[in-house]
$ cat protein-v2.pdb   # PDB, C-alpha atoms
ATOM      1  CA  MET A   1      66.149 -49.340  40.766  1.00  0.00           C
ATOM      2  CA  THR A   2      63.253 -51.722  41.121  1.00  0.00           C
ATOM      3  CA  ALA A   3      60.567 -52.571  43.643  1.00  0.00           C
ATOM      4  CA  GLY A   4      62.163 -53.960  46.766  1.00  0.00           C
ATOM      5  CA  ASP A   5      65.265 -51.778  46.514  1.00  0.00           C
ATOM      6  CA  GLU A   6      65.970 -49.815  49.654  1.00  0.00           C
ATOM      7  CA  TRP A   7      65.065 -46.373  48.262  1.00  0.00           C
ATOM      8  CA  PHE A   8      62.496 -47.403  45.649  1.00  0.00           C
ATOM      9  CA  ASP A   9      59.298 -46.473  47.503  1.00  0.00           C
ATOM     10  CA  TYR A  10      60.719 -43.222  48.829  1.00  0.00           C
ATOM     11  CA  ILE A  11      61.700 -42.078  45.341  1.00  0.00           C
ATOM     12  CA  TRP A  12      58.778 -43.311  43.260  1.00  0.00           C
ATOM     13  CA  THR A  13      56.121 -41.873  45.560  1.00  0.00           C
ATOM     14  CA  ARG A  14      57.692 -38.428  45.335  1.00  0.00           C
ATOM     15  CA  ALA A  15      58.235 -38.683  41.583  1.00  0.00           C
ATOM     16  CA  ALA A  16      54.580 -39.633  41.117  1.00  0.00           C
ATOM     17  CA  ARG A  17      53.475 -36.607  43.131  1.00  0.00           C
ATOM     18  CA  LEU A  18      55.580 -34.386  40.845  1.00  0.00           C
ATOM     19  CA  ASP A  19      54.588 -35.992  37.557  1.00  0.00           C
ATOM     20  CA  CYS A  20      50.971 -37.100  37.931  1.00  0.00           C
ATOM     21  CA  TYR A  21      49.114 -33.806  38.114  1.00  0.00           C
ATOM     22  CA  GLY A  22      46.331 -32.664  35.865  1.00  0.00           C
ATOM     23  CA  GLU A  23      43.137 -34.352  34.799  1.00  0.00           C
ATOM     24  CA  GLU A  24      44.878 -36.462  32.140  1.00  0.00           C
ATOM     25  CA  PHE A  25      46.656 -38.363  34.946  1.00  0.00           C
ATOM     26  CA  ALA A  26      43.581 -39.018  37.101  1.00  0.00           C
ATOM     27  CA  ASP A  27      43.397 -42.705  36.134  1.00  0.00           C
ATOM     28  CA  LEU A  28      47.106 -43.225  36.722  1.00  0.00           C
ATOM     29  CA  ARG A  29      46.894 -41.556  40.140  1.00  0.00           C
ATOM     30  CA  GLU A  30      44.140 -43.981  41.097  1.00  0.00           C
ATOM     31  CA  ARG A  31      46.060 -47.012  39.788  1.00  0.00           C
ATOM     32  CA  LEU A  32      49.042 -45.918  41.884  1.00  0.00           C
ATOM     33  CA  GLY A  33      46.944 -45.898  45.020  1.00  0.00           C
ATOM     34  CA  GLY A  34      45.673 -42.337  45.183  1.00  0.00           C
ATOM     35  CA  VAL A  35      48.646 -40.105  44.454  1.00  0.00           C
ATOM     36  CA  ASP A  36      48.260 -36.609  45.898  1.00  0.00           C
ATOM     37  CA  PRO A  37      49.809 -34.425  43.158  1.00  0.00           C
ATOM     38  CA  VAL A  38      51.778 -31.313  44.031  1.00  0.00           C
ATOM     39  CA  THR A  39      51.481 -28.111  42.032  1.00  0.00           C
ATOM     40  CA  ASP A  40      52.791 -25.576  44.552  1.00  0.00           C
ATOM     41  CA  VAL A  41      56.220 -24.409  43.313  1.00  0.00           C
ATOM     42  CA  ASP A  42      57.908 -24.471  46.721  1.00  0.00           C
ATOM     43  CA  GLU A  43      56.542 -27.886  47.622  1.00  0.00           C
ATOM     44  CA  ARG A  44      57.579 -29.241  44.204  1.00  0.00           C
ATOM     45  CA  GLN A  45      61.110 -27.976  44.750  1.00  0.00           C
ATOM     46  CA  GLU A  46      61.244 -29.632  48.172  1.00  0.00           C
ATOM     47  CA  LEU A  47      60.062 -32.947  46.717  1.00  0.00           C
ATOM     48  CA  GLN A  48      62.659 -32.714  43.964  1.00  0.00           C
ATOM     49  CA  ALA A  49      65.387 -32.063  46.548  1.00  0.00           C
ATOM     50  CA  GLU A  50      64.211 -35.115  48.503  1.00  0.00           C
ATOM     51  CA  ILE A  51      64.374 -37.252  45.353  1.00  0.00           C
ATOM     52  CA  ASP A  52      67.846 -35.980  44.485  1.00  0.00           C
ATOM     53  CA  ALA A  53      69.095 -36.589  48.026  1.00  0.00           C
ATOM     54  CA  ALA A  54      67.644 -40.094  48.070  1.00  0.00           C
ATOM     55  CA  ALA A  55      69.300 -40.854  44.719  1.00  0.00           C
ATOM     56  CA  PHE A  56      72.704 -40.070  46.241  1.00  0.00           C
ATOM     57  CA  HIS A  57      71.927 -42.571  48.986  1.00  0.00           C
ATOM     58  CA  ALA A  58      70.595 -45.135  46.509  1.00  0.00           C
ATOM     59  CA  TYR A  59      73.884 -44.973  44.602  1.00  0.00           C
ATOM     60  CA  GLY A  60      75.866 -45.351  47.804  1.00  0.00           C
ATOM     61  CA  LEU A  61      77.544 -41.944  47.908  1.00  0.00           C
ATOM     62  CA  ASN A  62      78.729 -40.703  51.280  1.00  0.00           C
ATOM     63  CA  ALA A  63      78.425 -37.109  52.517  1.00  0.00           C
ATOM     64  CA  ALA A  64      81.797 -35.996  51.139  1.00  0.00           C
ATOM     65  CA  GLU A  65      81.069 -37.467  47.712  1.00  0.00           C
ATOM     66  CA  THR A  66      77.593 -35.948  47.654  1.00  0.00           C
ATOM     67  CA  GLU A  67      78.923 -32.547  48.643  1.00  0.00           C
ATOM     68  CA  PHE A  68      81.600 -32.782  45.929  1.00  0.00           C
ATOM     69  CA  VAL A  69      79.011 -33.557  43.250  1.00  0.00           C
ATOM     70  CA  LEU A  70      76.724 -30.751  44.400  1.00  0.00           C
ATOM     71  CA  GLU A  71      79.549 -28.217  44.532  1.00  0.00           C
ATOM     72  CA  ASP A  72      80.968 -29.288  41.183  1.00  0.00           C
ATOM     73  CA  PHE A  73      77.669 -29.656  39.340  1.00  0.00           C
ATOM     74  CA  TYR A  74      77.227 -27.441  36.327  1.00  0.00           C
ATOM     75  CA  LYS A  75      74.971 -24.498  37.055  1.00  0.00           C
ATOM     76  CA  VAL A  76      73.181 -22.821  34.176  1.00  0.00           C
ATOM     77  CA  ASN A  77      73.461 -19.105  33.517  1.00  0.00           C
ATOM     78  CA  SER A  78      69.769 -18.498  34.160  1.00  0.00           C
ATOM     79  CA  PRO A  79      68.918 -21.053  36.828  1.00  0.00           C
ATOM     80  CA  ARG A  80      65.324 -21.862  37.589  1.00  0.00           C
ATOM     81  CA  LEU A  81      65.969 -24.781  39.861  1.00  0.00           C
ATOM     82  CA  MET A  82      69.682 -25.463  40.110  1.00  0.00           C
ATOM     83  CA  THR A  83      70.642 -22.630  42.386  1.00  0.00           C
ATOM     84  CA  ASP A  84      73.062 -22.671  45.290  1.00  0.00           C
ATOM     85  CA  GLU A  85      70.068 -22.653  47.627  1.00  0.00           C
ATOM     86  CA  TYR A  86      68.634 -25.711  45.887  1.00  0.00           C
ATOM     87  CA  PHE A  87      71.905 -27.629  46.169  1.00  0.00           C
ATOM     88  CA  GLU A  88      72.118 -26.692  49.849  1.00  0.00           C
ATOM     89  CA  SER A  89      68.585 -28.009  50.283  1.00  0.00           C
ATOM     90  CA  VAL A  90      69.539 -31.299  48.595  1.00  0.00           C
ATOM     91  CA  PHE A  91      72.515 -31.714  50.914  1.00  0.00           C
ATOM     92  CA  GLU A  92      70.373 -30.943  53.984  1.00  0.00           C
ATOM     93  CA  LYS A  93      67.873 -33.599  52.852  1.00  0.00           C
ATOM     94  CA  PHE A  94      70.781 -35.998  52.242  1.00  0.00           C
ATOM     95  CA  GLU A  95      71.978 -35.528  55.809  1.00  0.00           C
ATOM     96  CA  GLU A  96      68.441 -35.981  57.189  1.00  0.00           C
ATOM     97  CA  LEU A  97      68.010 -39.182  55.202  1.00  0.00           C
ATOM     98  CA  ALA A  98      71.373 -40.490  56.407  1.00  0.00           C
ATOM     99  CA  GLU A  99      69.744 -41.028  59.788  1.00  0.00           C
ATOM    100  CA  THR A 100      67.436 -43.735  58.474  1.00  0.00           C
ATOM    101  CA  VAL A 101      66.402 -45.501  55.324  1.00  0.00           C
ATOM    102  CA  PRO A 102      62.755 -44.605  54.832  1.00  0.00           C
ATOM    103  CA  ALA A 103      60.186 -47.370  55.051  1.00  0.00           C
ATOM    104  CA  ALA A 104      57.498 -47.786  52.442  1.00  0.00           C
ATOM    105  CA  GLU A 105      55.243 -44.757  52.555  1.00  0.00           C
ATOM    106  CA  GLN A 106      51.615 -44.078  52.064  1.00  0.00           C
ATOM    107  CA  LEU A 107      50.705 -41.623  49.340  1.00  0.00           C
TER     108      LEU A 107
END

$ encode --input "protein-v2.pdb" --output "C-alpha cells"
Amino acid sequence: MTAGDEWFDYIWTRAARLDCYGEEFADLRERLGGVDPVTDVDERQELQAEIDAAAFHAYGLNAAETEFVLEDFYKVNSPRLMTDEYFESVFEKFEELAETVPAAEQL
C-alpha cells in the first residue's frame, strides 16, 4: 500500500497514532503533521480494530470472507487483544467502513 491508494491515509494515520507516542517520537509526530498519539488502552484497541477492518477492505475482501477469516483466526490461550469481543469489533468496523471509503483525514 502506498500513498494514493484508497485506504492509505485511513490506515497510516491510525497506525501513527498507535506507534508514535512518547518523547522519543516527538520529532516524527511533528514531521507527520502533528500526530495525536493514543495511550488509553480502550482507544488503542478501537484504533487497532479500525486498522484491521480497513485492511480487509484494502485487500478487497467482502463481508463473508472477512467474517470467515475472523472466525477462523487462531486465538491464543491467554489473549490480550485477540478476543472474541475484539474480532466482533473488527467486523463491526468493517461493516461501518463498507458504507464509504474514507477520505484523507486530518490528524

$ residues_around --input "protein-v2.pdb" --residues "Pro37 in chain A" --least-positions-apart "4" --cutoff "10 Å" --atoms "only C-alpha atoms" --output "PyMOL selection string"
chain A and resi 14-22+25-26+29+44+107

$ closest_residue --input "protein-v2.pdb" --among "A:Glu30, A:Glu43, A:Glu24, A:Glu50" --to "Ala98 in chain A" --atoms "all atoms listed in the file"
A:Glu50

$ atom_distance --input "protein-v2.pdb" --atom1 "CA of Val41 in chain A" --atom2 "CA of Glu99 in chain A"
27.0 Å

$ resolve_selection --input "protein-v2.pdb" --expression "the PyMOL selection byres ((chain A and resi 89) around 10)" --output "ChimeraX atom specification"
/A:45-46,48-50,52-53,83-88,90-95

$ residues_around --input "protein-v2.pdb" --residues "Phe73 in chain A" --least-positions-apart "2" --cutoff "12 Å" --atoms "only C-alpha atoms" --output "list in words"
Glu65, Thr66, Glu67, Phe68, Val69, Leu70, Glu71, Lys75, Val76, Met82, Thr83, Asp84, Tyr86 and Phe87 of chain A

$ atom_distance --input "protein-v2.pdb" --atom1 "CA of Ile11 in chain A" --atom2 "CA of Glu23 in chain A"
22.7 Å

$ atom_distance --input "protein-v2.pdb" --atom1 "CA of Asp5 in chain A" --atom2 "CA of Ala64 in chain A"
23.3 Å

$ residues_around --input "protein-v2.pdb" --residues "Ala3 in chain A" --least-positions-apart "3" --cutoff "12 Å" --atoms "all atoms listed in the file" --output "mmCIF file with C-alpha atoms, in the coordinates of the input"
data_model
loop_
_atom_site.group_PDB
_atom_site.id
_atom_site.type_symbol
_atom_site.label_atom_id
_atom_site.label_comp_id
_atom_site.auth_asym_id
_atom_site.auth_seq_id
_atom_site.Cartn_x
_atom_site.Cartn_y
_atom_site.Cartn_z
ATOM 1 C CA GLU A 6 65.970 -49.815 49.654
ATOM 2 C CA TRP A 7 65.065 -46.373 48.262
ATOM 3 C CA PHE A 8 62.496 -47.403 45.649
ATOM 4 C CA ASP A 9 59.298 -46.473 47.503
ATOM 5 C CA TYR A 10 60.719 -43.222 48.829
ATOM 6 C CA ILE A 11 61.700 -42.078 45.341
ATOM 7 C CA TRP A 12 58.778 -43.311 43.260
ATOM 8 C CA THR A 13 56.121 -41.873 45.560
ATOM 9 C CA ALA A 104 57.498 -47.786 52.442
#

$ closest_residue --input "protein-v2.pdb" --among "A:Met1, A:Thr100, A:Asp36, A:Arg31" --to "Ala55 in chain A" --atoms "only C-alpha atoms"
A:Met1
